[in-house]
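The file run.txt comes next; it holds compact mmCIF, C-alpha atoms.
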# COMPACT_ATOMS: atom_id res chain seq x y z
CA MET A 1 0.00 0.00 0.00
CA SER A 2 2.72 2.48 0.91
CA GLU A 3 5.66 1.18 -1.08
CA ARG A 4 7.01 4.62 -1.84
CA ILE A 5 7.21 5.51 1.83
CA LEU A 6 9.06 2.27 2.54
CA ASN A 7 11.43 2.88 -0.37
CA LEU A 8 12.43 6.25 1.05
CA LEU A 9 12.37 5.36 4.74
CA GLU A 10 15.94 4.85 5.92
CA PRO A 11 16.00 1.87 8.34
CA SER A 12 18.92 3.41 10.27
CA ALA A 13 16.89 6.60 10.71
CA VAL A 14 13.99 5.00 12.56
CA ARG A 15 13.72 5.48 16.32
CA LEU A 16 10.97 3.54 18.03
CA HIS A 17 9.68 4.40 21.52
CA SER A 18 12.14 7.26 21.79
CA ALA A 19 12.26 9.02 25.14
CA ALA A 20 12.94 12.42 23.55
CA GLN A 21 11.85 15.23 25.87
CA ASP A 22 11.00 17.90 23.32
CA LYS A 23 10.71 18.61 19.61
CA THR A 24 14.28 19.93 19.36
CA GLU A 25 15.64 16.66 20.72
CA VAL A 26 13.63 14.44 18.39
CA LEU A 27 14.29 16.64 15.34
CA THR A 28 18.01 16.79 16.06
CA GLU A 29 18.25 13.04 16.56
CA LEU A 30 16.39 12.19 13.36
CA GLY A 31 18.17 14.89 11.36
CA ASN A 32 21.59 13.68 12.50
CA LEU A 33 20.67 10.14 11.45
CA LEU A 34 19.78 11.40 7.96
CA PHE A 35 23.09 13.28 7.89
CA GLN A 36 25.09 10.22 8.96
CA THR A 37 23.39 8.09 6.33
CA GLY A 38 24.17 10.61 3.58
CA TYR A 39 20.72 12.02 2.78
CA VAL A 40 21.27 15.60 3.89
CA ARG A 41 23.93 18.26 4.36
CA GLU A 42 25.22 19.16 7.77
CA SER A 43 23.12 22.36 7.63
CA PHE A 44 19.88 20.35 7.47
CA VAL A 45 19.24 19.98 11.23
CA GLU A 46 19.65 23.67 11.94
CA ALA A 47 17.52 24.59 8.92
CA ALA A 48 14.77 22.15 9.91
CA LEU A 49 14.75 23.45 13.51
CA GLN A 50 14.56 27.02 12.32
CA ARG A 51 11.86 26.25 9.82
CA GLU A 52 9.86 24.44 12.49
CA SER A 53 10.00 27.46 14.78
CA GLN A 54 8.76 29.77 12.01
CA MET A 55 6.40 27.45 10.13
CA PRO A 56 5.44 24.63 12.46
CA THR A 57 4.25 21.23 11.23
CA GLY A 58 2.23 19.76 14.10
CA LEU A 59 -0.91 18.03 12.83
CA PRO A 60 -3.85 17.21 15.10
CA LEU A 61 -5.26 13.91 13.81
CA GLU A 62 -8.59 12.20 14.31
CA GLY A 63 -7.31 9.20 16.27
CA LYS A 64 -5.50 8.79 19.57
CA TYR A 65 -2.16 10.10 18.34
CA ASN A 66 -1.06 13.32 16.65
CA ALA A 67 1.82 13.68 14.21
CA ALA A 68 4.36 16.20 12.96
CA ILE A 69 5.94 16.27 9.50
CA PRO A 70 8.98 18.55 9.75
CA HIS A 71 10.90 19.41 6.58
CA THR A 72 12.92 22.23 5.11
CA GLU A 73 14.23 23.75 1.90
CA CYS A 74 15.67 21.45 -0.79
CA GLU A 75 19.11 23.08 -0.73
CA HIS A 76 19.96 21.20 2.48
CA VAL A 77 19.05 17.84 0.94
CA LEU A 78 21.39 15.54 -1.01
CA LYS A 79 18.88 12.80 -1.86
CA PRO A 80 15.28 12.20 -0.81
CA GLY A 81 14.72 10.20 2.35
CA LEU A 82 12.52 9.84 5.40
CA ALA A 83 13.24 9.42 9.09
CA LEU A 84 10.61 8.32 11.57
CA ALA A 85 10.27 8.38 15.34
CA THR A 86 7.60 7.16 17.72
CA LEU A 87 7.71 8.72 21.18
CA THR A 88 6.81 7.14 24.51
CA LYS A 89 5.71 10.52 25.83
CA PRO A 90 4.11 13.22 23.65
CA VAL A 91 6.22 16.30 22.91
CA ILE A 92 4.69 19.63 21.94
CA PHE A 93 4.88 20.78 18.32
CA GLN A 94 3.07 23.95 17.34
CA ASN A 95 0.00 23.49 15.16
CA MET A 96 0.64 24.07 11.45
CA ILE A 97 -2.61 25.94 11.02
CA GLN A 98 -2.58 27.84 14.32
CA PRO A 99 1.05 28.32 15.34
CA GLU A 100 0.07 29.72 18.74
CA GLU A 101 -1.53 26.40 19.64
CA GLY A 102 0.51 23.40 20.87
CA VAL A 103 -0.17 19.84 19.67
CA PRO A 104 1.02 16.84 21.74
CA VAL A 105 2.80 14.69 19.14
CA GLN A 106 3.91 11.05 19.35
CA LEU A 107 4.67 10.31 15.69
CA VAL A 108 7.31 12.32 13.83
CA ILE A 109 8.10 11.83 10.15
CA LEU A 110 11.07 13.98 9.15
CA MET A 111 11.12 14.50 5.40
CA ALA A 112 14.21 15.22 3.32
CA LEU A 113 12.79 16.28 -0.04
CA ASP A 114 14.78 17.50 -3.02
CA GLN A 115 12.27 17.72 -5.86
CA PRO A 116 8.74 17.72 -4.50
CA LYS A 117 7.25 17.12 -7.97
CA SER A 118 8.92 13.73 -8.25
CA GLN A 119 7.89 12.88 -4.69
CA VAL A 120 4.23 13.81 -5.02
CA GLU A 121 3.07 10.21 -4.74
CA MET A 122 5.13 9.62 -1.62
CA LEU A 123 3.75 12.82 -0.09
CA GLN A 124 0.23 11.70 -0.92
CA GLU A 125 0.91 8.37 0.70
CA ILE A 126 2.09 10.11 3.85
CA ALA A 127 -1.10 12.19 3.86
CA GLY A 128 -3.02 8.93 3.42
CA VAL A 129 -1.20 7.32 6.32
CA LEU A 130 -1.94 10.29 8.58
CA GLN A 131 -5.63 9.81 7.78
CA ASN A 132 -5.52 6.11 8.64
CA ALA A 133 -5.79 5.68 12.41
CA LEU A 134 -5.18 1.93 12.11
CA VAL A 135 -1.80 2.39 10.39
CA ILE A 136 -0.83 5.02 12.97
CA GLU A 137 -1.66 2.63 15.82
CA LYS A 138 0.43 -0.09 14.19
CA LEU A 139 3.34 2.33 13.82
CA MET A 140 3.02 3.39 17.46
CA GLU A 141 3.08 -0.24 18.60
CA ALA A 142 5.97 -1.24 16.32
CA ARG A 143 8.98 -2.69 18.13
CA ASP A 144 11.34 -3.09 15.19
CA PHE A 145 11.73 -2.13 11.55
CA GLN A 146 9.88 -5.26 10.45
CA ASP A 147 6.82 -4.10 12.38
CA ILE A 148 7.12 -0.74 10.60
CA GLN A 149 7.26 -2.50 7.24
CA LYS A 150 4.17 -4.49 8.16
CA ALA A 151 2.33 -1.35 9.26
CA PHE A 152 2.98 0.19 5.85
CA THR A 153 1.94 -2.88 3.84
CA MET B 1 -16.07 27.29 -22.73
CA ALA B 2 -15.39 28.74 -19.28
CA GLN B 3 -11.81 29.30 -18.26
CA PRO B 4 -10.59 26.92 -15.57
CA LYS B 5 -10.57 28.55 -12.13
CA ARG B 6 -7.15 29.37 -10.74
CA ILE B 7 -6.19 28.39 -7.20
CA LEU B 8 -3.02 29.47 -5.44
CA VAL B 9 -1.95 26.84 -2.87
CA ALA B 10 0.34 28.07 -0.12
CA CYS B 11 2.36 26.47 2.66
CA GLY B 12 5.52 27.27 4.59
CA THR B 13 8.15 26.29 2.06
CA ALA B 14 6.12 25.27 -1.01
CA ILE B 15 7.78 21.86 -0.69
CA ALA B 16 5.62 19.30 0.97
CA THR B 17 2.20 20.20 2.19
CA SER B 18 1.18 22.48 -0.67
CA THR B 19 2.10 19.68 -3.08
CA VAL B 20 -0.29 17.32 -1.31
CA VAL B 21 -3.02 19.94 -1.06
CA ALA B 22 -2.75 21.01 -4.72
CA MET B 23 -3.03 17.40 -5.94
CA ALA B 24 -5.92 16.66 -3.60
CA ILE B 25 -7.85 19.76 -4.73
CA GLU B 26 -7.32 18.98 -8.41
CA GLU B 27 -8.55 15.41 -7.92
CA ALA B 28 -11.53 16.32 -5.76
CA LEU B 29 -12.73 19.03 -8.12
CA LYS B 30 -12.12 16.95 -11.23
CA ALA B 31 -14.37 14.30 -9.69
CA ARG B 32 -17.06 16.99 -9.60
CA GLY B 33 -16.44 18.03 -13.17
CA ILE B 34 -14.70 21.28 -12.24
CA ASP B 35 -11.47 22.10 -14.02
CA VAL B 36 -8.91 24.02 -12.00
CA VAL B 37 -5.36 25.19 -12.40
CA THR B 38 -3.24 25.23 -9.24
CA ARG B 39 0.07 26.79 -8.44
CA GLN B 40 2.09 26.21 -5.26
CA CYS B 41 3.86 28.96 -3.39
CA LYS B 42 5.29 29.90 -0.02
CA ALA B 43 2.94 31.64 2.36
CA ALA B 44 5.24 34.66 2.22
CA GLU B 45 4.81 34.88 -1.58
CA VAL B 46 1.01 34.99 -1.56
CA LYS B 47 0.72 38.75 -1.79
CA SER B 48 3.11 39.07 -4.71
CA LEU B 49 1.66 36.13 -6.68
CA MET B 50 -2.07 36.36 -5.99
CA SER B 51 -3.01 38.56 -8.94
CA GLY B 52 -5.28 36.67 -11.35
CA TYR B 53 -6.20 33.91 -8.89
CA ASP B 54 -9.78 33.12 -7.87
CA LEU B 55 -8.99 31.49 -4.53
CA ILE B 56 -6.15 30.89 -2.09
CA VAL B 57 -5.95 27.63 -0.15
CA THR B 58 -3.28 27.52 2.53
CA THR B 59 -2.04 25.26 5.34
CA THR B 60 -0.34 28.07 7.27
CA PRO B 61 -1.58 31.55 8.17
CA VAL B 62 -1.48 34.10 5.34
CA PRO B 63 -2.72 37.70 5.34
CA LYS B 64 -6.54 37.92 5.25
CA ASP B 65 -8.56 40.73 3.64
CA ILE B 66 -6.48 40.70 0.47
CA GLY B 67 -9.45 40.82 -1.89
CA ILE B 68 -9.38 37.12 -2.78
CA PRO B 69 -11.11 34.43 -0.71
CA VAL B 70 -8.72 32.50 1.55
CA ILE B 71 -9.41 29.00 2.89
CA GLN B 72 -7.00 27.81 5.57
CA THR B 73 -7.16 24.06 6.11
CA LEU B 74 -5.29 20.92 7.09
CA ALA B 75 -8.11 18.67 5.87
CA PHE B 76 -6.15 17.36 2.89
CA LEU B 77 -3.40 16.20 5.26
CA THR B 78 -5.43 14.97 8.20
CA GLY B 79 -8.72 14.00 6.54
CA ILE B 80 -10.67 15.83 9.22
CA GLY B 81 -13.54 17.76 7.63
CA LYS B 82 -12.34 17.12 4.08
CA GLU B 83 -15.78 16.98 2.45
CA ALA B 84 -16.81 20.25 4.10
CA VAL B 85 -13.67 21.98 2.85
CA ILE B 86 -14.24 20.72 -0.69
CA GLU B 87 -17.77 22.18 -0.48
CA ASP B 88 -16.28 25.48 0.72
CA ILE B 89 -13.85 25.50 -2.21
CA VAL B 90 -16.62 24.79 -4.72
CA LYS B 91 -18.74 27.58 -3.22
CA ALA B 92 -15.86 30.03 -3.20
CA LEU B 93 -15.17 29.30 -6.88
CA GLN B 94 -18.82 29.78 -7.84
CA ALA B 95 -19.14 33.06 -6.00
What would the structure in this file look like if it were written as structure tokens?
Amino acid sequence: MSERILNLLEPSAVRLHSAAQDKTEVLTELGNLLFQTGYVRESFVEAALQRESQMPTGLPLEGKYNAAIPHTECEHVLKPGLALATLTKPVIFQNMIQPEEGVPVQLVILMALDQPKSQVEMLQEIAGVLQNALVIEKLMEARDFQDIQKAFT
Amino acid sequence: MAQPKRILVACGTAIATSTVVAMAIEEALKARGIDVVTRQCKAAEVKSLMSGYDLIVTTTPVPKDIGIPVIQTLAFLTGIGKEAVIEDIVKALQA
């Protein structure tokens, strides 16, 4: 169902049941993993943090869990990839639509995008996943990368 | 034949969310037999690009009262209230 997400999701950039205390910690951890695995430039983490503070990406969802989809300008990206974290305790991201409002987030999908046009289908799949409470629950319960693969298939 | 309506789709960086929203709007309106042309932009570019557009759909706050209807929504990302937003878009285009 979500092959394109799986193709771009870097297994070494998946953190399950992370104990991150705030959005900066989870963003930095995921961003560094994408840097170490060669998807992004060193400037990516700082750019994503800055972008998040100006244009937040917290998304209140219909189910039990809320998500955030941080990303930043293409110039910091070497090749397209995704990092994903599930959090044991929610951290506050600001709401994309109402930046003054905080959203408790437990699923973070950090997106390194270089040419959005060629990644439209992947982006649509992510939007589809966010709208599917069952997939989100499976992701939240996942204990290893195989569980993540199953959640997406 | 009527000209297709033009919709400017804005988000923070014009990378991710506006791409999803623009595709979703085109599909939803096509399904209703309405032809639209969309263009993505950054929220900060709305004022300089809005001339000639019939509607602005955005995921992040943009200036209001700019003479063109603005619909701010996350429905195409979260699914919450999607049908109602599509109705709002159709109405705004018919106005």
Cut-off 8 Å: closest chain B/chain A atom pairs per residue, using only C-alpha atoms, as CSV:
residue,atom,partner,partner_atom,distance
B:Gly12,CA,A:Met55,CA,5.6
B:Thr13,CA,A:Glu73,CA,6.6
B:Ile15,CA,A:Pro116,CA,5.7
B:Ala16,CA,A:Pro116,CA,6.5
B:Thr17,CA,A:Leu123,CA,7.9
B:Thr19,CA,A:Val120,CA,6.5
B:Val20,CA,A:Gln124,CA,5.7
B:Thr59,CA,A:Ile97,CA,5.7
B:Thr60,CA,A:Ile97,CA,4.9
B:Pro61,CA,A:Ile97,CA,6.4
B:Gln72,CA,A:Ile97,CA,7.2
B:Thr73,CA,A:Ile97,CA,7.0
B:Leu74,CA,A:Ile97,CA,6.9
B:Phe76,CA,A:Ala127,CA,7.3
B:Leu77,CA,A:Ala127,CA,4.8
B:Thr78,CA,A:Gln131,CA,5.2
B:Gly79,CA,A:Gln131,CA,5.4
B:Ile80,CA,A:Glu62,CA,6.6
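Using only C-alpha atoms, the shortest contact distance between Met50 of chain B and any of B:Ala75, B:Lys91, B:Val9, B:Ala84 is found at B:Val9.
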One-decimal distance in Å that lies between atom CA of Glu87 of chain B and atom CA of Leu8 of chain B: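 Computing the Euclidean distance for atom CA of Leu8 of chain B and atom CA of Glu87 of chain B yields 17.2 Å.
Non-sequential neighbours of Leu55 of chain B (distance at most 9 Å, separation of 3 or more positions within a chain, all atoms listed in the file) are B:Lys5, B:Arg6, B:Ile7, B:Leu8, B:Val9, B:Met50, B:Ile68, B:Pro69, B:Val70, B:Ile71, B:Ile89, B:Ala92, B:Leu93.
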12 Å contact set for segment 16-25 of chain A, all atoms listed in the file, chain neighbours under 4 positions out, as a ChimeraX atom specification: /A:11-12,29-32,45-53,56-58,67-70,83-94,102-110,138-148
Between atom CA of Tyr39 of chain A and atom CA of Glu75 of chain A, distance in Å (one decimal):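 Between atom CA of Tyr39 of chain A and atom CA of Glu75 of chain A the gap works out to 11.7 Å.
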Proximity to Ala14 of chain B - best of B:Cys41, B:Val85, B:Ala31, B:Leu49, only C-alpha atoms: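 Using only C-alpha atoms, Ala14 of chain B sits closest to B:Cys41.
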Please rebuild segment 104-131 of chain A with N, CA and C atoms and return the result as a PDB file, keeping the file's coordinate frame.
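out12.pdb, freshly written:
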ATOM      1  N   PRO A 104       0.200  17.926  21.192  1.00  0.00           N
ATOM      2  CA  PRO A 104       1.020  16.840  21.740  1.00  0.00           C
ATOM      3  C   PRO A 104       1.226  15.752  20.687  1.00  0.00           C
ATOM      4  N   VAL A 105       2.475  15.540  20.292  1.00  0.00           N
ATOM      5  CA  VAL A 105       2.800  14.690  19.140  1.00  0.00           C
ATOM      6  C   VAL A 105       3.550  13.442  19.583  1.00  0.00           C
ATOM      7  N   GLN A 106       3.169  12.282  19.042  1.00  0.00           N
ATOM      8  CA  GLN A 106       3.910  11.050  19.350  1.00  0.00           C
ATOM      9  C   GLN A 106       4.456  10.349  18.116  1.00  0.00           C
ATOM     10  N   LEU A 107       4.125  10.871  16.922  1.00  0.00           N
ATOM     11  CA  LEU A 107       4.670  10.310  15.690  1.00  0.00           C
ATOM     12  C   LEU A 107       5.305  11.434  14.887  1.00  0.00           C
ATOM     13  N   VAL A 108       6.601  11.282  14.580  1.00  0.00           N
ATOM     14  CA  VAL A 108       7.310  12.320  13.830  1.00  0.00           C
ATOM     15  C   VAL A 108       7.883  11.707  12.556  1.00  0.00           C
ATOM     16  N   ILE A 109       7.519  12.263  11.415  1.00  0.00           N
ATOM     17  CA  ILE A 109       8.100  11.830  10.150  1.00  0.00           C
ATOM     18  C   ILE A 109       8.880  13.019   9.586  1.00  0.00           C
ATOM     19  N   LEU A 110      10.196  12.908   9.648  1.00  0.00           N
ATOM     20  CA  LEU A 110      11.070  13.980   9.150  1.00  0.00           C
ATOM     21  C   LEU A 110      11.345  13.720   7.676  1.00  0.00           C
ATOM     22  N   MET A 111      11.049  14.719   6.835  1.00  0.00           N
ATOM     23  CA  MET A 111      11.120  14.500   5.400  1.00  0.00           C
ATOM     24  C   MET A 111      12.291  15.283   4.802  1.00  0.00           C
ATOM     25  N   ALA A 112      13.162  14.568   4.112  1.00  0.00           N
ATOM     26  CA  ALA A 112      14.210  15.220   3.320  1.00  0.00           C
ATOM     27  C   ALA A 112      13.771  15.123   1.869  1.00  0.00           C
ATOM     28  N   LEU A 113      13.362  16.271   1.307  1.00  0.00           N
ATOM     29  CA  LEU A 113      12.790  16.280  -0.040  1.00  0.00           C
ATOM     30  C   LEU A 113      13.659  17.146  -0.930  1.00  0.00           C
ATOM     31  N   ASP A 114      14.019  16.633  -2.119  1.00  0.00           N
ATOM     32  CA  ASP A 114      14.780  17.500  -3.020  1.00  0.00           C
ATOM     33  C   ASP A 114      13.912  18.055  -4.139  1.00  0.00           C
ATOM     34  N   GLN A 115      13.149  17.206  -4.805  1.00  0.00           N
ATOM     35  CA  GLN A 115      12.270  17.720  -5.860  1.00  0.00           C
ATOM     36  C   GLN A 115      10.851  17.270  -5.563  1.00  0.00           C
ATOM     37  N   PRO A 116      10.067  18.147  -4.935  1.00  0.00           N
ATOM     38  CA  PRO A 116       8.740  17.720  -4.500  1.00  0.00           C
ATOM     39  C   PRO A 116       7.915  17.124  -5.636  1.00  0.00           C
ATOM     40  N   LYS A 117       8.069  17.626  -6.861  1.00  0.00           N
ATOM     41  CA  LYS A 117       7.250  17.120  -7.970  1.00  0.00           C
ATOM     42  C   LYS A 117       7.438  15.616  -8.165  1.00  0.00           C
ATOM     43  N   SER A 118       8.683  15.149  -8.029  1.00  0.00           N
ATOM     44  CA  SER A 118       8.920  13.730  -8.250  1.00  0.00           C
ATOM     45  C   SER A 118       8.525  12.905  -7.022  1.00  0.00           C
ATOM     46  N   GLN A 119       8.231  13.594  -5.923  1.00  0.00           N
ATOM     47  CA  GLN A 119       7.890  12.880  -4.690  1.00  0.00           C
ATOM     48  C   GLN A 119       6.427  13.054  -4.314  1.00  0.00           C
ATOM     49  N   VAL A 120       5.643  13.544  -5.295  1.00  0.00           N
ATOM     50  CA  VAL A 120       4.230  13.810  -5.020  1.00  0.00           C
ATOM     51  C   VAL A 120       3.520  12.560  -4.497  1.00  0.00           C
ATOM     52  N   GLU A 121       3.793  11.413  -5.145  1.00  0.00           N
ATOM     53  CA  GLU A 121       3.070  10.210  -4.740  1.00  0.00           C
ATOM     54  C   GLU A 121       3.416   9.794  -3.322  1.00  0.00           C
ATOM     55  N   MET A 122       4.713   9.951  -2.991  1.00  0.00           N
ATOM     56  CA  MET A 122       5.130   9.620  -1.620  1.00  0.00           C
ATOM     57  C   MET A 122       4.447  10.565  -0.633  1.00  0.00           C
ATOM     58  N   LEU A 123       4.397  11.855  -0.988  1.00  0.00           N
ATOM     59  CA  LEU A 123       3.750  12.820  -0.090  1.00  0.00           C
ATOM     60  C   LEU A 123       2.272  12.489   0.078  1.00  0.00           C
ATOM     61  N   GLN A 124       1.651  12.071  -1.016  1.00  0.00           N
ATOM     62  CA  GLN A 124       0.230  11.700  -0.920  1.00  0.00           C
ATOM     63  C   GLN A 124       0.047  10.475  -0.046  1.00  0.00           C
ATOM     64  N   GLU A 125       1.002   9.544  -0.154  1.00  0.00           N
ATOM     65  CA  GLU A 125       0.910   8.370   0.700  1.00  0.00           C
ATOM     66  C   GLU A 125       1.051   8.738   2.167  1.00  0.00           C
ATOM     67  N   ILE A 126       1.942   9.684   2.456  1.00  0.00           N
ATOM     68  CA  ILE A 126       2.090  10.110   3.850  1.00  0.00           C
ATOM     69  C   ILE A 126       0.778  10.744   4.333  1.00  0.00           C
ATOM     70  N   ALA A 127       0.180  11.598   3.489  1.00  0.00           N
ATOM     71  CA  ALA A 127      -1.100  12.190   3.860  1.00  0.00           C
ATOM     72  C   ALA A 127      -2.140  11.091   4.095  1.00  0.00           C
ATOM     73  N   GLY A 128      -2.094  10.052   3.253  1.00  0.00           N
ATOM     74  CA  GLY A 128      -3.020   8.930   3.420  1.00  0.00           C
ATOM     75  C   GLY A 128      -2.798   8.195   4.723  1.00  0.00           C
ATOM     76  N   VAL A 129      -1.531   7.998   5.073  1.00  0.00           N
ATOM     77  CA  VAL A 129      -1.200   7.320   6.320  1.00  0.00           C
ATOM     78  C   VAL A 129      -1.706   8.116   7.521  1.00  0.00           C
ATOM     79  N   LEU A 130      -1.513   9.439   7.462  1.00  0.00           N
ATOM     80  CA  LEU A 130      -1.940  10.290   8.580  1.00  0.00           C
ATOM     81  C   LEU A 130      -3.452  10.172   8.790  1.00  0.00           C
ATOM     82  N   GLN A 131      -4.167   9.902   7.693  1.00  0.00           N
ATOM     83  CA  GLN A 131      -5.630   9.810   7.780  1.00  0.00           C
ATOM     84  C   GLN A 131      -6.096   8.419   8.156  1.00  0.00           C
TER      85      GLN A 131
END
